[in-house]
Every structure is written in structure tokens, then in C-alpha cells.
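A.B. asks: Quick one, coords_18.pdb (PDB, N, CA and C atoms, pLDDT in the B column):
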```pdb
ATOM      1  N   MET A   1      39.025  -9.303  36.689  1.00 84.00           N
ATOM      2  CA  MET A   1      38.471  -9.312  38.028  1.00 84.00           C
ATOM      3  C   MET A   1      37.370  -8.259  38.094  1.00 84.00           C
ATOM      4  N   THR A   2      36.264  -8.588  38.771  1.00 91.00           N
ATOM      5  CA  THR A   2      35.159  -7.643  38.901  1.00 91.00           C
ATOM      6  C   THR A   2      34.943  -7.277  40.359  1.00 91.00           C
ATOM      7  N   CYS A   3      34.418  -6.111  40.584  1.00 91.00           N
ATOM      8  CA  CYS A   3      34.163  -5.574  41.923  1.00 91.00           C
ATOM      9  C   CYS A   3      33.001  -6.328  42.566  1.00 91.00           C
ATOM     10  N   ASN A   4      33.161  -6.691  43.829  1.00 88.00           N
ATOM     11  CA  ASN A   4      32.068  -7.396  44.504  1.00 88.00           C
ATOM     12  C   ASN A   4      30.975  -6.432  44.974  1.00 88.00           C
ATOM     13  N   ARG A   5      31.202  -5.136  44.902  1.00 90.00           N
ATOM     14  CA  ARG A   5      30.190  -4.149  45.286  1.00 90.00           C
ATOM     15  C   ARG A   5      29.307  -3.766  44.106  1.00 90.00           C
ATOM     16  N   CYS A   6      29.945  -3.367  42.976  1.00 94.00           N
ATOM     17  CA  CYS A   6      29.163  -2.861  41.837  1.00 94.00           C
ATOM     18  C   CYS A   6      29.363  -3.667  40.564  1.00 94.00           C
ATOM     19  N   HIS A   7      30.214  -4.687  40.605  1.00 93.00           N
ATOM     20  CA  HIS A   7      30.526  -5.541  39.461  1.00 93.00           C
ATOM     21  C   HIS A   7      31.251  -4.792  38.348  1.00 93.00           C
ATOM     22  N   GLY A   8      31.909  -3.679  38.725  1.00 95.00           N
ATOM     23  CA  GLY A   8      32.702  -2.924  37.763  1.00 95.00           C
ATOM     24  C   GLY A   8      34.086  -3.539  37.588  1.00 95.00           C
ATOM     25  N   LEU A   9      34.869  -2.930  36.734  1.00 96.00           N
ATOM     26  CA  LEU A   9      36.207  -3.404  36.409  1.00 96.00           C
ATOM     27  C   LEU A   9      37.188  -3.055  37.522  1.00 96.00           C
ATOM     28  N   MET A  10      37.952  -4.054  37.982  1.00 95.00           N
ATOM     29  CA  MET A  10      38.999  -3.846  38.985  1.00 95.00           C
ATOM     30  C   MET A  10      40.338  -3.776  38.259  1.00 95.00           C
ATOM     31  N   VAL A  11      41.155  -2.782  38.608  1.00 96.00           N
ATOM     32  CA  VAL A  11      42.480  -2.634  38.016  1.00 96.00           C
ATOM     33  C   VAL A  11      43.525  -2.652  39.124  1.00 96.00           C
ATOM     34  N   LEU A  12      44.712  -3.124  38.791  1.00 95.00           N
ATOM     35  CA  LEU A  12      45.798  -3.141  39.751  1.00 95.00           C
ATOM     36  C   LEU A  12      46.313  -1.721  39.920  1.00 95.00           C
ATOM     37  N   ASP A  13      46.451  -1.292  41.173  1.00 94.00           N
ATOM     38  CA  ASP A  13      46.891   0.057  41.488  1.00 94.00           C
ATOM     39  C   ASP A  13      47.927  -0.047  42.592  1.00 94.00           C
ATOM     40  N   TYR A  14      48.697   0.977  42.783  1.00 92.00           N
ATOM     41  CA  TYR A  14      49.682   1.004  43.858  1.00 92.00           C
ATOM     42  C   TYR A  14      49.383   2.206  44.750  1.00 92.00           C
ATOM     43  N   LEU A  15      49.175   1.931  46.024  1.00 87.00           N
ATOM     44  CA  LEU A  15      48.845   2.971  46.987  1.00 87.00           C
ATOM     45  C   LEU A  15      50.045   3.239  47.886  1.00 87.00           C
ATOM     46  N   THR A  16      50.143   4.422  48.446  1.00 85.00           N
ATOM     47  CA  THR A  16      51.217   4.755  49.360  1.00 85.00           C
ATOM     48  C   THR A  16      50.875   4.232  50.740  1.00 85.00           C
ATOM     49  N   ASP A  17      51.773   3.436  51.308  1.00 75.00           N
ATOM     50  CA  ASP A  17      51.572   2.860  52.642  1.00 75.00           C
ATOM     51  C   ASP A  17      52.368   3.682  53.648  1.00 75.00           C
ATOM     52  N   LEU A  18      51.701   4.605  54.345  1.00 77.00           N
ATOM     53  CA  LEU A  18      52.367   5.470  55.304  1.00 77.00           C
ATOM     54  C   LEU A  18      52.528   4.818  56.675  1.00 77.00           C
ATOM     55  N   GLU A  19      51.845   3.707  56.909  1.00 73.00           N
ATOM     56  CA  GLU A  19      51.920   3.012  58.194  1.00 73.00           C
ATOM     57  C   GLU A  19      53.130   2.085  58.288  1.00 73.00           C
ATOM     58  N   ASP A  20      53.665   1.663  57.167  1.00 66.00           N
ATOM     59  CA  ASP A  20      54.740   0.677  57.144  1.00 66.00           C
ATOM     60  C   ASP A  20      56.083   1.349  57.438  1.00 66.00           C
ATOM     61  N   ASN A  21      56.873   0.739  58.325  1.00 69.00           N
ATOM     62  CA  ASN A  21      58.174   1.297  58.691  1.00 69.00           C
ATOM     63  C   ASN A  21      59.313   0.750  57.845  1.00 69.00           C
ATOM     64  N   THR A  22      59.021  -0.165  56.928  1.00 70.00           N
ATOM     65  CA  THR A  22      60.069  -0.724  56.076  1.00 70.00           C
ATOM     66  C   THR A  22      60.289   0.190  54.880  1.00 70.00           C
ATOM     67  N   GLU A  23      61.152  -0.226  53.988  1.00 69.00           N
ATOM     68  CA  GLU A  23      61.465   0.561  52.793  1.00 69.00           C
ATOM     69  C   GLU A  23      60.333   0.559  51.771  1.00 69.00           C
ATOM     70  N   ASP A  24      59.422  -0.415  51.848  1.00 70.00           N
ATOM     71  CA  ASP A  24      58.356  -0.536  50.853  1.00 70.00           C
ATOM     72  C   ASP A  24      57.261   0.489  51.114  1.00 70.00           C
ATOM     73  N   LEU A  25      57.199   1.512  50.279  1.00 80.00           N
ATOM     74  CA  LEU A  25      56.167   2.529  50.419  1.00 80.00           C
ATOM     75  C   LEU A  25      54.948   2.241  49.558  1.00 80.00           C
ATOM     76  N   TRP A  26      55.095   1.405  48.547  1.00 84.00           N
ATOM     77  CA  TRP A  26      54.007   1.158  47.611  1.00 84.00           C
ATOM     78  C   TRP A  26      53.294  -0.135  47.963  1.00 84.00           C
ATOM     79  N   LEU A  27      52.006  -0.048  48.106  1.00 84.00           N
ATOM     80  CA  LEU A  27      51.169  -1.179  48.473  1.00 84.00           C
ATOM     81  C   LEU A  27      50.322  -1.569  47.263  1.00 84.00           C
ATOM     82  N   PRO A  28      50.524  -2.770  46.703  1.00 89.00           N
ATOM     83  CA  PRO A  28      49.694  -3.172  45.560  1.00 89.00           C
ATOM     84  C   PRO A  28      48.264  -3.464  46.021  1.00 89.00           C
ATOM     85  N   ALA A  29      47.295  -2.981  45.280  1.00 92.00           N
ATOM     86  CA  ALA A  29      45.888  -3.172  45.631  1.00 92.00           C
ATOM     87  C   ALA A  29      45.048  -3.174  44.360  1.00 92.00           C
ATOM     88  N   TRP A  30      43.866  -3.757  44.456  1.00 93.00           N
ATOM     89  CA  TRP A  30      42.904  -3.731  43.355  1.00 93.00           C
ATOM     90  C   TRP A  30      41.930  -2.597  43.634  1.00 93.00           C
ATOM     91  N   ARG A  31      41.665  -1.764  42.624  1.00 95.00           N
ATOM     92  CA  ARG A  31      40.752  -0.631  42.764  1.00 95.00           C
ATOM     93  C   ARG A  31      39.711  -0.689  41.658  1.00 95.00           C
ATOM     94  N   CYS A  32      38.450  -0.479  42.035  1.00 95.00           N
ATOM     95  CA  CYS A  32      37.360  -0.475  41.061  1.00 95.00           C
ATOM     96  C   CYS A  32      37.309   0.884  40.369  1.00 95.00           C
ATOM     97  N   VAL A  33      37.281   0.852  39.034  1.00 96.00           N
ATOM     98  CA  VAL A  33      37.235   2.111  38.280  1.00 96.00           C
ATOM     99  C   VAL A  33      35.848   2.744  38.321  1.00 96.00           C
ATOM    100  N   ALA A  34      34.824   1.986  38.678  1.00 96.00           N
ATOM    101  CA  ALA A  34      33.458   2.518  38.718  1.00 96.00           C
ATOM    102  C   ALA A  34      33.114   3.148  40.067  1.00 96.00           C
ATOM    103  N   CYS A  35      33.327   2.390  41.161  1.00 95.00           N
ATOM    104  CA  CYS A  35      32.891   2.890  42.477  1.00 95.00           C
ATOM    105  C   CYS A  35      34.043   3.262  43.404  1.00 95.00           C
ATOM    106  N   GLY A  36      35.284   2.880  43.055  1.00 94.00           N
ATOM    107  CA  GLY A  36      36.439   3.258  43.852  1.00 94.00           C
ATOM    108  C   GLY A  36      36.785   2.326  44.995  1.00 94.00           C
ATOM    109  N   GLN A  37      36.070   1.224  45.133  1.00 93.00           N
ATOM    110  CA  GLN A  37      36.378   0.283  46.209  1.00 93.00           C
ATOM    111  C   GLN A  37      37.799  -0.231  46.055  1.00 93.00           C
ATOM    112  N   VAL A  38      38.525  -0.319  47.177  1.00 93.00           N
ATOM    113  CA  VAL A  38      39.900  -0.791  47.174  1.00 93.00           C
ATOM    114  C   VAL A  38      39.973  -2.106  47.919  1.00 93.00           C
ATOM    115  N   MET A  39      40.635  -3.074  47.309  1.00 92.00           N
ATOM    116  CA  MET A  39      40.837  -4.376  47.936  1.00 92.00           C
ATOM    117  C   MET A  39      42.335  -4.666  47.942  1.00 92.00           C
ATOM    118  N   GLU A  40      42.879  -4.932  49.120  1.00 88.00           N
ATOM    119  CA  GLU A  40      44.268  -5.350  49.231  1.00 88.00           C
ATOM    120  C   GLU A  40      44.352  -6.414  50.308  1.00 88.00           C
ATOM    121  N   GLN A  41      45.496  -7.031  50.451  1.00 84.00           N
ATOM    122  CA  GLN A  41      45.639  -8.193  51.319  1.00 84.00           C
ATOM    123  C   GLN A  41      45.193  -7.909  52.759  1.00 84.00           C
ATOM    124  N   GLY A  42      45.556  -6.780  53.307  1.00 81.00           N
ATOM    125  CA  GLY A  42      45.178  -6.443  54.681  1.00 81.00           C
ATOM    126  C   GLY A  42      43.675  -6.268  54.844  1.00 81.00           C
ATOM    127  N   ILE A  43      43.029  -5.637  53.866  1.00 81.00           N
ATOM    128  CA  ILE A  43      41.580  -5.433  53.914  1.00 81.00           C
ATOM    129  C   ILE A  43      40.864  -6.776  53.862  1.00 81.00           C
ATOM    130  N   VAL A  44      41.295  -7.638  52.954  1.00 83.00           N
ATOM    131  CA  VAL A  44      40.670  -8.961  52.832  1.00 83.00           C
ATOM    132  C   VAL A  44      40.846  -9.752  54.122  1.00 83.00           C
ATOM    133  N   HIS A  45      42.030  -9.710  54.703  1.00 82.00           N
ATOM    134  CA  HIS A  45      42.295 -10.422  55.953  1.00 82.00           C
ATOM    135  C   HIS A  45      41.383  -9.918  57.073  1.00 82.00           C
ATOM    136  N   ASN A  46      41.232  -8.610  57.205  1.00 80.00           N
ATOM    137  CA  ASN A  46      40.384  -8.042  58.259  1.00 80.00           C
ATOM    138  C   ASN A  46      38.909  -8.374  58.048  1.00 80.00           C
ATOM    139  N   ARG A  47      38.456  -8.364  56.811  1.00 78.00           N
ATOM    140  CA  ARG A  47      37.050  -8.701  56.540  1.00 78.00           C
ATOM    141  C   ARG A  47      36.762 -10.161  56.859  1.00 78.00           C
ATOM    142  N   LEU A  48      37.705 -11.059  56.520  1.00 80.00           N
ATOM    143  CA  LEU A  48      37.518 -12.468  56.855  1.00 80.00           C
ATOM    144  C   LEU A  48      37.514 -12.668  58.366  1.00 80.00           C
ATOM    145  N   ALA A  49      38.331 -11.918  59.083  1.00 78.00           N
ATOM    146  CA  ALA A  49      38.363 -12.015  60.540  1.00 78.00           C
ATOM    147  C   ALA A  49      37.040 -11.533  61.135  1.00 78.00           C
ATOM    148  N   GLN A  50      36.438 -10.497  60.555  1.00 72.00           N
ATOM    149  CA  GLN A  50      35.145 -10.002  61.034  1.00 72.00           C
ATOM    150  C   GLN A  50      34.044 -11.009  60.794  1.00 72.00           C
ATOM    151  N   GLU A  51      34.125 -11.750  59.681  1.00 71.00           N
ATOM    152  CA  GLU A  51      33.119 -12.774  59.406  1.00 71.00           C
ATOM    153  C   GLU A  51      33.204 -13.902  60.431  1.00 71.00           C
ATOM    154  N   ASP A  52      34.427 -14.201  60.899  1.00 69.00           N
ATOM    155  CA  ASP A  52      34.598 -15.223  61.923  1.00 69.00           C
ATOM    156  C   ASP A  52      34.081 -14.749  63.274  1.00 69.00           C
ATOM    157  N   HIS A  53      34.144 -13.436  63.529  1.00 68.00           N
ATOM    158  CA  HIS A  53      33.679 -12.855  64.783  1.00 68.00           C
ATOM    159  C   HIS A  53      32.684 -11.738  64.451  1.00 68.00           C
ATOM    160  N   PRO A  54      31.419 -12.070  64.232  1.00 59.00           N
ATOM    161  CA  PRO A  54      30.459 -11.075  63.756  1.00 59.00           C
ATOM    162  C   PRO A  54      30.172  -9.958  64.757  1.00 59.00           C
ATOM    163  N   ASP A  55      30.403 -10.201  66.041  1.00 65.00           N
ATOM    164  CA  ASP A  55      30.152  -9.153  67.033  1.00 65.00           C
ATOM    165  C   ASP A  55      31.331  -8.194  67.068  1.00 65.00           C
ATOM    166  N   SER A  56      31.258  -7.168  66.231  1.00 64.00           N
ATOM    167  CA  SER A  56      32.339  -6.192  66.180  1.00 64.00           C
ATOM    168  C   SER A  56      32.285  -5.311  67.415  1.00 64.00           C
ATOM    169  N   LEU A  57      33.331  -4.544  67.634  1.00 67.00           N
ATOM    170  CA  LEU A  57      33.390  -3.638  68.780  1.00 67.00           C
ATOM    171  C   LEU A  57      32.229  -2.650  68.743  1.00 67.00           C
ATOM    172  N   VAL A  58      31.904  -2.132  67.574  1.00 69.00           N
ATOM    173  CA  VAL A  58      30.804  -1.174  67.446  1.00 69.00           C
ATOM    174  C   VAL A  58      29.489  -1.817  67.860  1.00 69.00           C
ATOM    175  N   GLU A  59      29.230  -3.041  67.383  1.00 72.00           N
ATOM    176  CA  GLU A  59      27.986  -3.730  67.741  1.00 72.00           C
ATOM    177  C   GLU A  59      27.916  -4.000  69.239  1.00 72.00           C
ATOM    178  N   ARG A  60      29.035  -4.374  69.856  1.00 71.00           N
ATOM    179  CA  ARG A  60      29.040  -4.615  71.299  1.00 71.00           C
ATOM    180  C   ARG A  60      28.764  -3.341  72.073  1.00 71.00           C
ATOM    181  N   LEU A  61      29.350  -2.213  71.628  1.00 72.00           N
ATOM    182  CA  LEU A  61      29.115  -0.945  72.308  1.00 72.00           C
ATOM    183  C   LEU A  61      27.671  -0.479  72.136  1.00 72.00           C
ATOM    184  N   GLN A  62      27.117  -0.671  70.943  1.00 72.00           N
ATOM    185  CA  GLN A  62      25.720  -0.296  70.717  1.00 72.00           C
ATOM    186  C   GLN A  62      24.790  -1.133  71.592  1.00 72.00           C
ATOM    187  N   SER A  63      25.060  -2.416  71.697  1.00 74.00           N
ATOM    188  CA  SER A  63      24.247  -3.298  72.523  1.00 74.00           C
ATOM    189  C   SER A  63      24.332  -2.896  73.982  1.00 74.00           C
ATOM    190  N   LYS A  64      25.532  -2.580  74.430  1.00 75.00           N
ATOM    191  CA  LYS A  64      25.738  -2.155  75.815  1.00 75.00           C
ATOM    192  C   LYS A  64      24.980  -0.856  76.098  1.00 75.00           C
ATOM    193  N   ALA A  65      25.024   0.086  75.149  1.00 74.00           N
ATOM    194  CA  ALA A  65      24.325   1.364  75.319  1.00 74.00           C
ATOM    195  C   ALA A  65      22.817   1.155  75.357  1.00 74.00           C
ATOM    196  N   ARG A  66      22.287   0.248  74.509  1.00 75.00           N
ATOM    197  CA  ARG A  66      20.855  -0.033  74.518  1.00 75.00           C
ATOM    198  C   ARG A  66      20.419  -0.609  75.854  1.00 75.00           C
ATOM    199  N   LYS A  67      21.229  -1.501  76.415  1.00 76.00           N
ATOM    200  CA  LYS A  67      20.888  -2.109  77.695  1.00 76.00           C
ATOM    201  C   LYS A  67      20.881  -1.065  78.806  1.00 76.00           C
ATOM    202  N   LYS A  68      21.805  -0.117  78.741  1.00 75.00           N
ATOM    203  CA  LYS A  68      21.923   0.887  79.801  1.00 75.00           C
ATOM    204  C   LYS A  68      20.910   2.014  79.647  1.00 75.00           C
ATOM    205  N   HIS A  69      20.709   2.505  78.417  1.00 70.00           N
ATOM    206  CA  HIS A  69      19.894   3.690  78.193  1.00 70.00           C
ATOM    207  C   HIS A  69      18.597   3.434  77.452  1.00 70.00           C
ATOM    208  N   GLY A  70      18.369   2.233  76.986  1.00 71.00           N
ATOM    209  CA  GLY A  70      17.190   1.946  76.199  1.00 71.00           C
ATOM    210  C   GLY A  70      17.383   2.360  74.761  1.00 71.00           C
ATOM    211  N   PRO A  71      16.351   2.202  73.930  1.00 67.00           N
ATOM    212  CA  PRO A  71      16.496   2.566  72.507  1.00 67.00           C
ATOM    213  C   PRO A  71      16.718   4.061  72.338  1.00 67.00           C
ATOM    214  N   VAL A  72      17.546   4.407  71.389  1.00 60.00           N
ATOM    215  CA  VAL A  72      17.864   5.799  71.119  1.00 60.00           C
ATOM    216  C   VAL A  72      17.135   6.213  69.851  1.00 60.00           C
ATOM    217  N   ARG A  73      16.400   7.323  69.926  1.00 64.00           N
ATOM    218  CA  ARG A  73      15.685   7.836  68.752  1.00 64.00           C
ATOM    219  C   ARG A  73      16.560   8.851  68.058  1.00 64.00           C
ATOM    220  N   LEU A  74      16.727   8.680  66.763  1.00 61.00           N
ATOM    221  CA  LEU A  74      17.503   9.629  65.974  1.00 61.00           C
ATOM    222  C   LEU A  74      16.545  10.504  65.205  1.00 61.00           C
ATOM    223  N   GLY A  75      16.910  11.763  65.059  1.00 60.00           N
ATOM    224  CA  GLY A  75      16.068  12.685  64.332  1.00 60.00           C
ATOM    225  C   GLY A  75      15.043  13.348  65.236  1.00 60.00           C
ATOM    226  N   VAL A  76      14.140  14.101  64.612  1.00 52.00           N
ATOM    227  CA  VAL A  76      13.140  14.848  65.377  1.00 52.00           C
ATOM    228  C   VAL A  76      11.836  14.116  65.422  1.00 52.00           C
TER     229      VAL A  76
END
```
What's the C-alpha cells form of this structure?
C.D. replies:
Amino acid sequence: MTCNRCHGLMVLDYLTDLEDNTEDLWLPAWRCVACGQVMEQGIVHNRLAQEDHPDSLVERLQSKARKKHGPVRLGV
């Protein structure tokens, strides 16, 4: 398996799941040895859900702020 970010080697890894209230503390995930990207079932599910609904909460808030305050200049 190759990383979709950098095309590096993905290896199976086990991460600690501190959010889960069940006995399973270890979460199997794929991790890229080159860039460190982590892919697991929950991440993939959330990314697919975002593709179905491209207007994320951040984008909606930014749009709302632009309408209320106009364009925001960053920097000097």
C-alpha cells in the first residue's frame, strides 16, 4: 500500500484509542513511514463524508464572516 500524500510506504501500526470506552485500546491504522500520514477507518469515513458535503463548518463560518465584515487582510 502506498501513501496518497507522498506515495511512500504505508505500514500497519497500532495506535492508542483514548476516546473509546470499550476494552479495545489499540486502534489498527496505516501509517506512512515517509511523511507520517495516518489512515484508519474513522478518518476514511470522515473524509468521505466531507466529500459528500463540501461546505464544511469552517468554510461556512468564513463565508459568514466575509459577508458581515468584508475581506480580511492577513499580514502587514
A.B. asks: Report as a list in words the residues that result from applying the PyMOL selection byres (((chain A and resi 37 and name CA) around 12) and name CA) to the structure here.
C.D. replies: Thr2, Cys3, Asn4, Arg5, Cys6, His7, Gly8, Leu9, Met10, Val11, Leu12, Asp13, Ala29, Trp30, Arg31, Cys32, Val33, Ala34, Cys35, Gly36, Val38, Met39, Glu40 and Ile43 of chain A
A.B. asks: Have a look at atom N of Trp26 (chain A) and atom C of Tyr14 (chain A) and let me know their distance in Å, one decimal.
C.D. replies: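 Between atom N of Trp26 (chain A) and atom C of Tyr14 (chain A) the gap works out to 6.9 Å.
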A.B. asks: Using the file's own x, y and z axes, what box holds all listed atoms of region 67-70 of chain A with 4 Å on each side, keeping edges along x, y and z, and what are its centre and edge lengths in Å to one decimal, as AutoDock Vina command-line options?
C.D. replies:
```
--center_x 19.6 --center_y 0.8 --center_z 77.3 --size_x 12.7 --size_y 13.8 --size_z 13.0
```
A.B. asks: Based on DSSP run over this structure's backbone, return all residues of region 9-66 of chain A in helix (DSSP H, G or I), as a PDB file with N, CA and C atoms, in the coordinates of the input.
C.D. replies:
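Generated output (out-v2.pdb):
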```
ATOM      1  N   GLN A  41      45.496  -7.031  50.451  1.00 84.00           N
ATOM      2  CA  GLN A  41      45.639  -8.193  51.319  1.00 84.00           C
ATOM      3  C   GLN A  41      45.193  -7.909  52.759  1.00 84.00           C
ATOM      4  N   GLY A  42      45.556  -6.780  53.307  1.00 81.00           N
ATOM      5  CA  GLY A  42      45.178  -6.443  54.681  1.00 81.00           C
ATOM      6  C   GLY A  42      43.675  -6.268  54.844  1.00 81.00           C
ATOM      7  N   ILE A  43      43.029  -5.637  53.866  1.00 81.00           N
ATOM      8  CA  ILE A  43      41.580  -5.433  53.914  1.00 81.00           C
ATOM      9  C   ILE A  43      40.864  -6.776  53.862  1.00 81.00           C
ATOM     10  N   VAL A  44      41.295  -7.638  52.954  1.00 83.00           N
ATOM     11  CA  VAL A  44      40.670  -8.961  52.832  1.00 83.00           C
ATOM     12  C   VAL A  44      40.846  -9.752  54.122  1.00 83.00           C
ATOM     13  N   HIS A  45      42.030  -9.710  54.703  1.00 82.00           N
ATOM     14  CA  HIS A  45      42.295 -10.422  55.953  1.00 82.00           C
ATOM     15  C   HIS A  45      41.383  -9.918  57.073  1.00 82.00           C
ATOM     16  N   ASN A  46      41.232  -8.610  57.205  1.00 80.00           N
ATOM     17  CA  ASN A  46      40.384  -8.042  58.259  1.00 80.00           C
ATOM     18  C   ASN A  46      38.909  -8.374  58.048  1.00 80.00           C
ATOM     19  N   ARG A  47      38.456  -8.364  56.811  1.00 78.00           N
ATOM     20  CA  ARG A  47      37.050  -8.701  56.540  1.00 78.00           C
ATOM     21  C   ARG A  47      36.762 -10.161  56.859  1.00 78.00           C
ATOM     22  N   LEU A  48      37.705 -11.059  56.520  1.00 80.00           N
ATOM     23  CA  LEU A  48      37.518 -12.468  56.855  1.00 80.00           C
ATOM     24  C   LEU A  48      37.514 -12.668  58.366  1.00 80.00           C
ATOM     25  N   ALA A  49      38.331 -11.918  59.083  1.00 78.00           N
ATOM     26  CA  ALA A  49      38.363 -12.015  60.540  1.00 78.00           C
ATOM     27  C   ALA A  49      37.040 -11.533  61.135  1.00 78.00           C
ATOM     28  N   GLN A  50      36.438 -10.497  60.555  1.00 72.00           N
ATOM     29  CA  GLN A  50      35.145 -10.002  61.034  1.00 72.00           C
ATOM     30  C   GLN A  50      34.044 -11.009  60.794  1.00 72.00           C
ATOM     31  N   GLU A  51      34.125 -11.750  59.681  1.00 71.00           N
ATOM     32  CA  GLU A  51      33.119 -12.774  59.406  1.00 71.00           C
ATOM     33  C   GLU A  51      33.204 -13.902  60.431  1.00 71.00           C
ATOM     34  N   ASP A  52      34.427 -14.201  60.899  1.00 69.00           N
ATOM     35  CA  ASP A  52      34.598 -15.223  61.923  1.00 69.00           C
ATOM     36  C   ASP A  52      34.081 -14.749  63.274  1.00 69.00           C
ATOM     37  N   LEU A  57      33.331  -4.544  67.634  1.00 67.00           N
ATOM     38  CA  LEU A  57      33.390  -3.638  68.780  1.00 67.00           C
ATOM     39  C   LEU A  57      32.229  -2.650  68.743  1.00 67.00           C
ATOM     40  N   VAL A  58      31.904  -2.132  67.574  1.00 69.00           N
ATOM     41  CA  VAL A  58      30.804  -1.174  67.446  1.00 69.00           C
ATOM     42  C   VAL A  58      29.489  -1.817  67.860  1.00 69.00           C
ATOM     43  N   GLU A  59      29.230  -3.041  67.383  1.00 72.00           N
ATOM     44  CA  GLU A  59      27.986  -3.730  67.741  1.00 72.00           C
ATOM     45  C   GLU A  59      27.916  -4.000  69.239  1.00 72.00           C
ATOM     46  N   ARG A  60      29.035  -4.374  69.856  1.00 71.00           N
ATOM     47  CA  ARG A  60      29.040  -4.615  71.299  1.00 71.00           C
ATOM     48  C   ARG A  60      28.764  -3.341  72.073  1.00 71.00           C
ATOM     49  N   LEU A  61      29.350  -2.213  71.628  1.00 72.00           N
ATOM     50  CA  LEU A  61      29.115  -0.945  72.308  1.00 72.00           C
ATOM     51  C   LEU A  61      27.671  -0.479  72.136  1.00 72.00           C
ATOM     52  N   GLN A  62      27.117  -0.671  70.943  1.00 72.00           N
ATOM     53  CA  GLN A  62      25.720  -0.296  70.717  1.00 72.00           C
ATOM     54  C   GLN A  62      24.790  -1.133  71.592  1.00 72.00           C
ATOM     55  N   SER A  63      25.060  -2.416  71.697  1.00 74.00           N
ATOM     56  CA  SER A  63      24.247  -3.298  72.523  1.00 74.00           C
ATOM     57  C   SER A  63      24.332  -2.896  73.982  1.00 74.00           C
ATOM     58  N   LYS A  64      25.532  -2.580  74.430  1.00 75.00           N
ATOM     59  CA  LYS A  64      25.738  -2.155  75.815  1.00 75.00           C
ATOM     60  C   LYS A  64      24.980  -0.856  76.098  1.00 75.00           C
ATOM     61  N   ALA A  65      25.024   0.086  75.149  1.00 74.00           N
ATOM     62  CA  ALA A  65      24.325   1.364  75.319  1.00 74.00           C
ATOM     63  C   ALA A  65      22.817   1.155  75.357  1.00 74.00           C
ATOM     64  N   ARG A  66      22.287   0.248  74.509  1.00 75.00           N
ATOM     65  CA  ARG A  66      20.855  -0.033  74.518  1.00 75.00           C
ATOM     66  C   ARG A  66      20.419  -0.609  75.854  1.00 75.00           C
TER      67      ARG A  66
END
```
